[in-house]
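Chemist: See input_24.cif below, with mmCIF, C-alpha atoms.
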data_my_file
#
loop_
_atom_site.label_atom_id
_atom_site.label_comp_id
_atom_site.auth_asym_id
_atom_site.auth_seq_id
_atom_site.Cartn_x
_atom_site.Cartn_y
_atom_site.Cartn_z
CA MET G 2 -25.19 -127.75 -59.64
CA ARG G 3 -28.36 -125.89 -60.58
CA VAL G 4 -28.38 -122.43 -59.00
CA PRO G 5 -30.71 -119.44 -59.37
CA VAL G 6 -29.94 -116.75 -61.94
CA GLU G 7 -30.89 -113.16 -61.14
CA LEU G 8 -34.00 -112.29 -63.14
CA ARG G 9 -32.47 -109.14 -64.61
CA ARG G 10 -29.68 -111.28 -66.08
CA SER G 11 -31.84 -114.25 -67.01
CA VAL G 12 -32.51 -113.59 -70.70
CA ARG G 13 -28.76 -113.42 -71.24
CA LEU G 14 -29.01 -117.22 -71.29
CA LEU G 15 -30.64 -116.89 -74.73
CA ASN G 16 -28.54 -114.09 -76.24
CA HIS G 17 -26.24 -116.40 -78.18
CA GLY G 18 -29.20 -118.09 -79.89
CA PRO G 19 -29.12 -121.67 -78.65
CA THR G 20 -31.72 -124.27 -79.54
CA THR G 21 -33.97 -125.00 -76.58
CA LEU G 22 -36.31 -127.56 -75.10
CA ILE G 23 -39.76 -126.25 -74.18
CA THR G 24 -41.85 -128.15 -71.65
CA ALA G 25 -45.44 -127.61 -70.61
CA SER G 26 -47.89 -129.33 -68.26
CA ALA G 27 -51.67 -129.27 -67.89
CA GLY G 28 -54.27 -131.65 -66.49
CA GLY G 29 -51.67 -134.17 -65.36
CA ARG G 30 -50.04 -134.37 -68.79
CA THR G 31 -46.56 -133.07 -69.60
CA ASN G 32 -44.66 -132.75 -72.85
CA VAL G 33 -41.36 -131.53 -74.24
CA MET G 34 -40.44 -130.23 -77.69
CA ALA G 35 -37.34 -128.79 -79.33
CA ALA G 36 -37.55 -125.10 -80.26
CA ALA G 37 -34.93 -123.09 -82.12
CA TRP G 38 -37.17 -120.08 -82.58
CA VAL G 39 -36.85 -118.61 -79.10
CA MET G 40 -35.26 -115.25 -78.29
CA ALA G 41 -34.94 -112.62 -75.60
CA LEU G 42 -37.32 -109.68 -75.76
CA ASP G 43 -36.53 -107.54 -72.75
CA PHE G 44 -34.18 -107.47 -69.79
CA ASN G 45 -36.24 -106.08 -66.94
CA PRO G 46 -38.75 -107.39 -66.31
CA PRO G 47 -37.32 -110.23 -68.39
CA LYS G 48 -39.38 -111.35 -71.34
CA ILE G 49 -38.87 -113.76 -74.19
CA ALA G 50 -40.56 -114.60 -77.48
CA ALA G 51 -41.05 -118.18 -78.68
CA VAL G 52 -42.72 -119.88 -81.62
CA VAL G 53 -44.85 -122.91 -80.72
CA ALA G 54 -46.79 -124.25 -83.69
CA GLU G 55 -50.52 -124.66 -83.53
CA GLY G 56 -51.61 -128.26 -83.46
CA THR G 57 -48.68 -129.49 -81.39
CA PHE G 58 -49.27 -131.18 -78.05
CA THR G 59 -46.99 -128.69 -76.32
CA ARG G 60 -49.07 -125.82 -77.72
CA GLU G 61 -52.22 -127.42 -76.32
CA LEU G 62 -50.60 -127.67 -72.88
CA ILE G 63 -49.33 -124.07 -73.00
CA ASP G 64 -52.73 -122.80 -74.09
CA ALA G 65 -54.30 -124.70 -71.17
CA SER G 66 -51.79 -123.68 -68.49
CA GLY G 67 -50.41 -120.31 -69.65
CA GLU G 68 -46.96 -121.50 -68.59
CA PHE G 69 -43.90 -123.23 -69.98
CA THR G 70 -40.22 -123.70 -69.30
CA VAL G 71 -37.24 -123.28 -71.59
CA SER G 72 -34.24 -125.57 -70.97
CA LEU G 73 -30.90 -125.27 -72.78
CA PRO G 74 -29.64 -128.67 -73.89
CA THR G 75 -25.99 -129.48 -74.49
CA LEU G 76 -24.00 -131.53 -76.94
CA ALA G 77 -24.44 -134.46 -74.55
CA LEU G 78 -28.20 -134.25 -75.17
CA LEU G 79 -27.92 -133.74 -78.94
CA ASP G 80 -29.74 -136.86 -80.10
CA ALA G 81 -32.51 -136.52 -77.53
CA THR G 82 -32.97 -132.85 -78.44
CA TYR G 83 -33.31 -133.66 -82.12
CA THR G 84 -35.58 -136.64 -81.50
CA VAL G 85 -38.12 -134.83 -79.30
CA GLY G 86 -38.43 -132.29 -82.11
CA GLU G 87 -39.29 -135.01 -84.60
CA CYS G 88 -42.18 -136.78 -82.88
CA SER G 89 -45.40 -135.89 -81.06
CA GLY G 90 -46.14 -136.26 -77.38
CA ARG G 91 -49.58 -137.44 -78.42
CA ASP G 92 -47.96 -140.61 -79.76
CA VAL G 93 -45.24 -141.27 -77.23
CA ASP G 94 -44.16 -140.33 -73.69
CA LYS G 95 -41.03 -138.52 -74.83
CA PHE G 96 -39.50 -138.32 -71.36
CA ALA G 97 -39.67 -142.06 -70.67
CA THR G 98 -38.90 -143.15 -74.23
CA TYR G 99 -35.85 -140.94 -74.76
CA GLY G 100 -34.49 -140.94 -71.24
CA LEU G 101 -35.09 -137.29 -70.36
CA GLN G 102 -35.29 -136.75 -66.61
CA THR G 103 -37.11 -133.76 -65.18
CA THR G 104 -37.24 -131.81 -61.98
CA PRO G 105 -40.18 -129.60 -60.96
CA GLY G 106 -40.19 -125.91 -61.76
CA SER G 107 -40.11 -123.61 -58.74
CA VAL G 108 -42.93 -121.33 -59.86
CA VAL G 109 -44.63 -122.77 -62.94
CA SER G 110 -46.30 -126.13 -63.45
CA ALA G 111 -43.97 -127.23 -66.28
CA PRO G 112 -40.82 -129.13 -65.31
CA LEU G 113 -37.16 -128.43 -66.07
CA VAL G 114 -35.17 -130.90 -68.16
CA GLU G 115 -32.21 -132.33 -66.26
CA GLY G 116 -28.80 -132.36 -67.89
CA CYS G 117 -29.40 -128.95 -69.42
CA VAL G 118 -27.26 -125.95 -68.47
CA GLY G 119 -29.83 -123.14 -68.29
CA TRP G 120 -33.53 -122.92 -67.51
CA LEU G 121 -36.21 -120.23 -67.71
CA GLU G 122 -39.62 -120.56 -66.09
CA CYS G 123 -42.10 -118.52 -68.11
CA ARG G 124 -45.64 -117.22 -67.88
CA VAL G 125 -47.43 -116.35 -71.13
CA LEU G 126 -48.45 -112.73 -71.62
CA SER G 127 -51.74 -112.44 -73.45
CA GLU G 128 -51.09 -111.55 -77.09
CA PRO G 129 -53.89 -113.40 -78.90
CA GLY G 130 -53.20 -111.73 -82.28
CA PRO G 131 -49.56 -112.77 -82.66
CA GLN G 132 -50.34 -116.18 -81.15
CA GLN G 133 -53.06 -116.80 -83.70
CA ARG G 134 -51.36 -115.22 -86.71
CA TYR G 135 -47.76 -116.38 -86.18
CA ASP G 136 -47.78 -118.99 -83.38
CA LEU G 137 -45.72 -116.35 -81.57
CA PHE G 138 -45.80 -116.29 -77.79
CA VAL G 139 -44.56 -113.51 -75.55
CA ALA G 140 -43.79 -114.60 -72.00
CA GLU G 141 -42.36 -113.18 -68.82
CA VAL G 142 -39.51 -115.01 -67.14
CA VAL G 143 -40.53 -115.61 -63.53
CA ALA G 144 -37.59 -117.77 -62.43
CA ALA G 145 -34.26 -118.73 -63.97
CA TRP G 146 -31.53 -121.25 -63.26
CA ALA G 147 -28.16 -122.26 -64.57
CA ASP G 148 -25.55 -124.95 -64.03
CA ASP G 149 -22.94 -123.13 -62.00
CA GLU G 150 -20.14 -125.12 -63.62
CA VAL G 151 -21.07 -123.74 -67.05
CA PHE G 152 -22.72 -120.33 -66.50
CA VAL G 153 -20.64 -118.37 -64.01
CA GLU G 154 -21.49 -114.81 -62.98
CA GLY G 155 -23.63 -114.24 -66.04
CA ASP G 156 -21.06 -115.68 -68.41
CA TRP G 157 -20.77 -118.99 -70.27
CA ARG G 158 -17.66 -121.00 -69.40
CA PHE G 159 -17.60 -124.05 -71.61
CA THR G 160 -14.67 -126.00 -70.21
CA ARG G 161 -15.90 -129.33 -71.61
CA ASP G 162 -17.25 -129.82 -75.12
CA GLU G 163 -20.17 -131.94 -73.92
CA HIS G 164 -21.42 -128.91 -71.94
CA ARG G 165 -21.61 -126.67 -75.01
CA THR G 166 -25.04 -125.53 -76.04
CA VAL G 167 -26.24 -126.39 -79.54
CA HIS G 168 -27.71 -124.43 -82.46
CA HIS G 169 -29.94 -126.21 -84.96
CA LEU G 170 -29.59 -125.55 -88.67
CA SER G 171 -31.98 -128.12 -90.18
CA ARG G 172 -32.60 -131.86 -90.45
CA GLY G 173 -30.52 -132.75 -87.44
CA VAL G 174 -27.51 -130.66 -88.38
CA PHE G 175 -26.44 -128.56 -85.41
CA PHE G 176 -23.51 -126.36 -84.54
CA THR G 177 -22.10 -126.28 -81.05
CA THR G 178 -21.41 -122.92 -79.44
CA GLY G 179 -17.85 -122.25 -80.52
CA GLN G 180 -14.85 -120.17 -79.63
CA ARG G 181 -15.19 -117.33 -77.13
CA VAL G 182 -13.97 -114.01 -78.54
CA GLN G 183 -13.83 -110.54 -77.05
CA ALA G 184 -14.70 -107.67 -79.39
CA ARG G 185 -13.04 -104.32 -78.95
CA ARG G 186 -14.72 -101.03 -79.57
CA LEU G 187 -13.33 -99.30 -82.65
CA PRO G 188 -12.09 -95.71 -82.24
CA MET B 277 -19.98 -114.30 -104.25
CA ARG B 278 -23.40 -113.10 -103.16
CA VAL B 279 -26.10 -115.30 -104.69
CA PRO B 280 -29.89 -115.46 -104.17
CA VAL B 281 -31.35 -117.85 -101.59
CA GLU B 282 -34.72 -119.41 -102.30
CA LEU B 283 -37.31 -117.64 -100.17
CA ARG B 284 -38.68 -120.88 -98.70
CA ARG B 285 -35.19 -121.63 -97.37
CA SER B 286 -34.29 -118.10 -96.42
CA VAL B 287 -35.10 -118.06 -92.69
CA ARG B 288 -32.78 -121.04 -92.29
CA LEU B 289 -30.04 -118.40 -92.29
CA LEU B 290 -31.22 -117.43 -88.79
CA ASN B 291 -31.94 -120.87 -87.32
CA HIS B 292 -28.63 -121.17 -85.50
CA GLY B 293 -29.17 -117.87 -83.71
CA PRO B 294 -26.44 -115.57 -85.03
CA THR B 295 -26.11 -111.94 -84.07
CA THR B 296 -27.10 -109.69 -86.96
CA LEU B 297 -26.72 -106.21 -88.38
CA ILE B 298 -29.96 -104.41 -89.14
CA THR B 299 -29.96 -101.55 -91.64
CA ALA B 300 -32.74 -99.14 -92.54
CA SER B 301 -33.09 -96.12 -94.82
CA ALA B 302 -35.57 -93.27 -95.04
CA GLY B 303 -35.47 -89.73 -96.37
CA GLY B 304 -31.92 -90.09 -97.63
CA ARG B 305 -30.58 -91.24 -94.28
CA THR B 306 -29.32 -94.74 -93.59
CA ASN B 307 -28.21 -96.46 -90.41
CA VAL B 308 -26.98 -99.79 -89.13
CA MET B 309 -27.24 -101.39 -85.70
CA ALA B 310 -26.28 -104.71 -84.14
CA ALA B 311 -29.20 -106.96 -83.15
CA ALA B 312 -28.96 -110.28 -81.36
CA TRP B 313 -32.70 -110.52 -80.76
CA VAL B 314 -33.74 -111.67 -84.22
CA MET B 315 -35.32 -115.04 -85.03
CA ALA B 316 -37.21 -116.92 -87.69
CA LEU B 317 -40.99 -117.00 -87.38
CA ASP B 318 -42.24 -118.94 -90.39
CA PHE B 319 -40.86 -120.74 -93.44
CA ASN B 320 -43.35 -119.99 -96.16
CA PRO B 321 -44.00 -117.21 -96.74
CA PRO B 322 -40.84 -116.52 -94.77
CA LYS B 323 -41.20 -114.27 -91.75
CA ILE B 324 -38.93 -113.16 -88.96
CA ALA B 325 -39.25 -111.39 -85.63
CA ALA B 326 -36.79 -108.73 -84.49
CA VAL B 327 -36.46 -106.41 -81.51
CA VAL B 328 -35.56 -102.81 -82.38
CA ALA B 329 -35.68 -100.52 -79.36
CA GLU B 330 -37.79 -97.40 -79.37
CA GLY B 331 -35.73 -94.24 -79.46
CA THR B 332 -32.98 -95.65 -81.67
CA PHE B 333 -32.21 -94.05 -85.03
CA THR B 334 -32.71 -97.38 -86.80
CA ARG B 335 -36.16 -97.65 -85.26
CA GLU B 336 -37.03 -94.20 -86.56
CA LEU B 337 -35.93 -95.21 -90.07
CA ILE B 338 -37.85 -98.50 -89.93
CA ASP B 339 -40.96 -96.75 -88.69
CA ALA B 340 -40.66 -94.27 -91.58
CA SER B 341 -39.91 -96.80 -94.34
CA GLY B 342 -41.55 -100.04 -93.19
CA GLU B 343 -38.45 -101.88 -94.39
CA PHE B 344 -35.10 -103.14 -93.15
CA THR B 345 -32.40 -105.63 -93.97
CA VAL B 346 -30.71 -108.23 -91.80
CA SER B 347 -27.06 -109.02 -92.57
CA LEU B 348 -25.06 -111.79 -90.88
CA PRO B 349 -21.60 -110.58 -89.87
CA THR B 350 -18.61 -112.86 -89.42
CA LEU B 351 -15.69 -113.10 -87.08
CA ALA B 352 -13.81 -110.81 -89.51
CA LEU B 353 -16.39 -108.09 -88.73
CA LEU B 354 -16.45 -108.72 -84.98
CA ASP B 355 -15.20 -105.32 -83.79
CA ALA B 356 -17.34 -103.38 -86.27
CA THR B 357 -20.40 -105.41 -85.26
CA TYR B 358 -19.87 -104.69 -81.61
CA THR B 359 -19.07 -101.04 -82.18
CA VAL B 360 -22.17 -100.23 -84.23
CA GLY B 361 -24.21 -101.69 -81.39
CA GLU B 362 -22.59 -99.31 -78.91
CA CYS B 363 -23.17 -95.92 -80.56
CA SER B 364 -25.99 -94.01 -82.23
CA GLY B 365 -26.32 -93.15 -85.91
CA ARG B 366 -27.62 -89.77 -84.75
CA ASP B 367 -24.10 -88.97 -83.51
CA VAL B 368 -21.93 -90.60 -86.16
CA ASP B 369 -22.08 -91.97 -89.71
CA LYS B 370 -21.40 -95.53 -88.67
CA PHE B 371 -20.69 -96.77 -92.19
CA ALA B 372 -17.99 -94.21 -92.94
CA THR B 373 -16.54 -94.16 -89.44
CA TYR B 374 -16.23 -97.91 -88.96
CA GLY B 375 -15.48 -98.91 -92.53
CA LEU B 376 -18.67 -100.79 -93.33
CA GLN B 377 -19.36 -100.92 -97.06
CA THR B 378 -22.86 -101.45 -98.36
CA THR B 379 -24.57 -102.54 -101.54
CA PRO B 380 -28.18 -101.70 -102.41
CA GLY B 381 -30.96 -104.10 -101.54
CA SER B 382 -32.80 -105.58 -104.53
CA VAL B 383 -36.32 -104.93 -103.25
CA VAL B 384 -36.17 -102.75 -100.16
CA SER B 385 -34.68 -99.32 -99.62
CA ALA B 386 -32.24 -100.42 -96.93
CA PRO B 387 -28.79 -101.61 -98.03
CA LEU B 388 -26.93 -104.86 -97.40
CA VAL B 389 -23.68 -104.82 -95.43
CA GLU B 390 -20.77 -106.13 -97.47
CA GLY B 391 -18.47 -108.74 -95.97
CA CYS B 392 -21.40 -110.49 -94.35
CA VAL B 393 -22.34 -114.06 -95.33
CA GLY B 394 -26.16 -113.91 -95.38
CA TRP B 395 -28.74 -111.20 -96.01
CA LEU B 396 -32.52 -110.90 -95.65
CA GLU B 397 -34.52 -108.04 -97.15
CA CYS B 398 -37.60 -107.52 -94.99
CA ARG B 399 -40.90 -105.64 -95.06
CA VAL B 400 -42.58 -104.90 -91.75
CA LEU B 401 -45.99 -106.48 -91.16
CA SER B 402 -48.26 -104.18 -89.20
CA GLU B 403 -48.41 -105.28 -85.57
CA PRO B 404 -48.72 -102.02 -83.69
CA GLY B 405 -49.43 -103.66 -80.33
CA PRO B 406 -46.27 -105.79 -80.10
CA GLN B 407 -44.21 -102.95 -81.63
CA GLN B 408 -45.41 -100.54 -78.99
CA ARG B 409 -45.42 -102.90 -76.02
CA TYR B 410 -42.22 -104.90 -76.70
CA ASP B 411 -40.33 -103.15 -79.55
CA LEU B 412 -41.10 -106.39 -81.37
CA PHE B 413 -41.32 -106.31 -85.17
CA VAL B 414 -42.74 -109.00 -87.39
CA ALA B 415 -41.56 -108.82 -90.99
CA GLU B 416 -41.83 -110.78 -94.20
CA VAL B 417 -38.64 -111.75 -96.01
CA VAL B 418 -38.98 -110.52 -99.60
CA ALA B 419 -35.48 -111.35 -100.84
CA ALA B 420 -32.55 -113.31 -99.45
CA TRP B 421 -28.89 -113.74 -100.32
CA ALA B 422 -25.88 -115.69 -99.14
CA ASP B 423 -22.17 -115.93 -99.80
CA ASP B 424 -21.94 -119.07 -101.92
CA GLU B 425 -18.58 -119.95 -100.42
CA VAL B 426 -20.10 -120.18 -96.94
CA PHE B 427 -23.78 -121.12 -97.37
CA VAL B 428 -24.04 -123.94 -99.90
CA GLU B 429 -27.35 -125.56 -100.85
CA GLY B 430 -29.05 -124.34 -97.71
CA ASP B 431 -26.21 -125.42 -95.45
CA TRP B 432 -23.42 -123.54 -93.65
CA ARG B 433 -19.91 -124.59 -94.66
CA PHE B 434 -17.45 -122.72 -92.51
CA THR B 435 -14.13 -123.68 -94.03
CA ARG B 436 -12.35 -120.61 -92.67
CA ASP B 437 -12.69 -119.31 -89.12
CA GLU B 438 -13.00 -115.70 -90.24
CA HIS B 439 -16.20 -116.68 -92.12
CA ARG B 440 -17.91 -118.02 -89.02
CA THR B 441 -20.96 -116.16 -87.83
CA VAL B 442 -20.95 -114.75 -84.31
CA HIS B 443 -23.28 -114.93 -81.31
CA HIS B 444 -23.27 -112.13 -78.75
CA LEU B 445 -23.41 -112.89 -75.04
CA SER B 446 -22.93 -109.43 -73.49
CA ARG B 447 -20.48 -106.54 -73.25
CA GLY B 448 -18.55 -107.51 -76.37
CA VAL B 449 -18.16 -111.18 -75.51
CA PHE B 450 -19.20 -113.30 -78.48
CA PHE B 451 -19.01 -116.94 -79.42
CA THR B 452 -18.31 -118.02 -82.95
CA THR B 453 -20.49 -120.67 -84.53
CA GLY B 454 -18.65 -123.84 -83.58
CA GLN B 455 -18.34 -127.47 -84.54
CA ARG B 456 -20.82 -128.99 -86.96
CA VAL B 457 -22.51 -132.08 -85.55
CA GLN B 458 -25.14 -134.42 -86.99
CA ALA B 459 -27.78 -135.64 -84.57
CA ARG B 460 -29.32 -139.08 -85.00
CA ARG B 461 -32.87 -139.93 -84.27
CA LEU B 462 -33.17 -142.16 -81.23
CA PRO B 463 -35.13 -145.41 -81.62
#
Kindly present the structure from the file in structure tokens form.
Modeler:
Amino acid sequence: MRVPVELRRSVRLLNHGPTTLITASAGGRTNVMAAAWVMALDFNPPKIAAVVAEGTFTRELIDASGEFTVSLPTLALLDATYTVGECSGRDVDKFATYGLQTTPGSVVSAPLVEGCVGWLECRVLSEPGPQQRYDLFVAEVVAAWADDEVFVEGDWRFTRDEHRTVHHLSRGVFFTTGQRVQARRLP
Amino acid sequence: MRVPVELRRSVRLLNHGPTTLITASAGGRTNVMAAAWVMALDFNPPKIAAVVAEGTFTRELIDASGEFTVSLPTLALLDATYTVGECSGRDVDKFATYGLQTTPGSVVSAPLVEGCVGWLECRVLSEPGPQQRYDLFVAEVVAAWADDEVFVEGDWRFTRDEHRTVHHLSRGVFFTTGQRVQARRLP
């Protein structure tokens, strides 16, 4: 079940470096893209950084709305995740074509992708230089959600492989999030 | 064996979101810190983004030198990775105390951490606004290296668990890089 995540813990969803799905909506149009270049930037207030290339449809919708969402897909969504990163929403309705269901965001106009295990609703902070020079967006997280079967008390609990988040290398090769290990502090 | 990685492929080392070690040197002093908030920003010329908090010793050395390296630690270095993220180089020589060996960078002043499986030598690009507002650095990759037993022709080949890269969640909980999966493009 999708449950709220405390904002001060929300960027923890990104700490392990999963590949994400970014959605944006403007003027009645909505799109989704795959994005591996997304990371946490600050805990409180929570902020993230994300690269969204100029010329993409999602970029156009983010520029128009100032908002986007980040959803964390799982192994079960592997092929859809890869595919929506390989085509343009100007050519195809990616949601209908590839079977991605959405649910409305609570605060922002962009929807959340169903079947994912974590979600961040984000508002762009104005950084025109980095946006123009590097396609780099800085955004504040204004709402966050997680699947309470998989993210429990701020901690990932991958009890089923199909719930594992995924990490893109290149050309459709991904790694799932692997074995959980506890480091100890050296004396 | 540590071998060069083509620059145009170098940021691929970060695509899957591993936790990293950042080193910097200035004025005869050198330090290392753990950094999970590091991501690729562009392929060619290769650029990355990294968060290095104000007030840290590593930040002081980066500000003074304009350079740093990113090394990718493995499961074998788990405890050392966690530990150097939990103490300050102002209080302790982290390399000597925690047994981290280094080798000089080829282009930048900061060293590479031995036992890692990928390395990026980076020069900071001047972005004073994001640095000041978000501790966010943009840097160009000027040299890159990988362990040719683990990163082969631009592709991770984790044949031994102790070679797997690691992904920090919080408080010393990490995930190793898991199962390799090949996505297919949906029709």
Chemist: Could you state which residues are captured by the PyMOL selection byres ((chain G) within 7 of (chain B)) in this file, as a ChimeraX atom specification?
Modeler: /G:13,16-19,37-38,40-42,52,79-81,83-84,135,168-170,173-187
Chemist: With only C-alpha atoms as the basis for distance, which of G:Ala77, G:Val125, G:Leu113, G:Ala97 is at the shortest distance from Glu163 of chain G?
Modeler: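 Counting only C-alpha atoms, the residue closest to Glu163 of chain G is G:Ala77.
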Chemist: Running the PyMOL selection byres ((chain G and resi 46) around 8) on this model by hand, what would come out? Give it as a list in words.
Modeler: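 Evaluating the PyMOL selection byres ((chain G and resi 46) around 8) on these coordinates yields Leu8, Arg9, Asp43, Phe44, Asn45, Pro47, Lys48, Glu141 and Val142 of chain G.
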Chemist: So the first atom is atom CA of Phe138 of chain G and the second is atom CA of Leu297 of chain B; what is the distance between them in Å, to one decimal place?
Modeler: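 We find that atom CA of Phe138 of chain G and atom CA of Leu297 of chain B lie 24.0 Å from each other.
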Chemist: Kindly give the distance, in Å, that separates atom CA of Glu115 of chain G and atom CA of Ala147 of chain G, rounded to a single decimal.
Modeler: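 Going from atom CA of Glu115 of chain G over to atom CA of Ala147 of chain G covers 11.0 Å.
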Chemist: Do you know which residues are at most 8 Å from Ser341 of chain B counting all atoms listed in the file, after dropping those on the same chain fewer than 5 positions away, and could you put them as a list in words?
Modeler: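 Result of the neighbour search: Ala300, Ser301, Ala302 and Ser385 of chain B.
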Chemist: For a test of reading the model, state the distance in Å between atom CA of Val287 of chain B and atom CA of Cys123 of chain G, rounded to one decimal.
Modeler: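 One can read the atom CA of Val287 of chain B to atom CA of Cys123 of chain G distance as 25.6 Å.
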Chemist: Could you spell out the hits of the PyMOL selection byres ((chain G and resi 89) around 10) on the shown file, as a list in words?
Modeler: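 Against this file, the PyMOL selection byres ((chain G and resi 89) around 10) returns the residues Asn32, Val33, Met34, Thr57, Phe58, Thr59, Thr84, Val85, Gly86, Glu87, Cys88, Gly90, Arg91, Asp92, Val93, Asp94 and Lys95 of chain G.
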Chemist: Looking at B:Met277, B:Ala310, B:Val383, B:Val346, which one is nearest to Trp395 of chain B, with distances taken over only C-alpha atoms?
Modeler: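 Ranked by minimum distance to Trp395 of chain B, first place goes to B:Val346.
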Chemist: Out of G:Gly28, G:Glu7, G:Phe69, G:Val118, which residue has the shortest atom-to-atom distance to Phe159 of chain G when counting all atoms listed in the file?
Modeler: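 Answer, going by the shortest atom-to-atom distance: G:Val118.
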Chemist: Using all atoms listed in the file, which residues sit within 10 Å of Val114 of chain G once same-chain residues fewer than 5 positions away are excluded, as a PDB file with C-alpha atoms, in the frame of the given file?
Modeler:
ATOM      1  CA  LEU G  22     -36.310-127.560 -75.100  1.00  0.00           C
ATOM      2  CA  ILE G  23     -39.760-126.250 -74.180  1.00  0.00           C
ATOM      3  CA  THR G  24     -41.850-128.150 -71.650  1.00  0.00           C
ATOM      4  CA  VAL G  33     -41.360-131.530 -74.240  1.00  0.00           C
ATOM      5  CA  THR G  70     -40.220-123.700 -69.300  1.00  0.00           C
ATOM      6  CA  VAL G  71     -37.240-123.280 -71.590  1.00  0.00           C
ATOM      7  CA  SER G  72     -34.240-125.570 -70.970  1.00  0.00           C
ATOM      8  CA  LEU G  73     -30.900-125.270 -72.780  1.00  0.00           C
ATOM      9  CA  PRO G  74     -29.640-128.670 -73.890  1.00  0.00           C
ATOM     10  CA  PHE G  96     -39.500-138.320 -71.360  1.00  0.00           C
ATOM     11  CA  LEU G 101     -35.090-137.290 -70.360  1.00  0.00           C
ATOM     12  CA  GLN G 102     -35.290-136.750 -66.610  1.00  0.00           C
ATOM     13  CA  THR G 103     -37.110-133.760 -65.180  1.00  0.00           C
ATOM     14  CA  THR G 104     -37.240-131.810 -61.980  1.00  0.00           C
ATOM     15  CA  PRO G 105     -40.180-129.600 -60.960  1.00  0.00           C
ATOM     16  CA  GLY G 106     -40.190-125.910 -61.760  1.00  0.00           C
ATOM     17  CA  GLY G 119     -29.830-123.140 -68.290  1.00  0.00           C
ATOM     18  CA  TRP G 120     -33.530-122.920 -67.510  1.00  0.00           C
TER      19      TRP G 120
END
Chemist: Looking at all atoms listed in the file, which of B:Cys392, B:Arg399, B:Thr306, B:Asp339 is the one that sits closest to Glu425 of chain B?
Modeler: B:Cys392
Chemist: Residues within 7 Å of Trp421 of chain B, please, as a count of residues only. Count only C-alpha atoms; anything in the same chain fewer than 4 positions from it doesn't count.
Modeler: 7
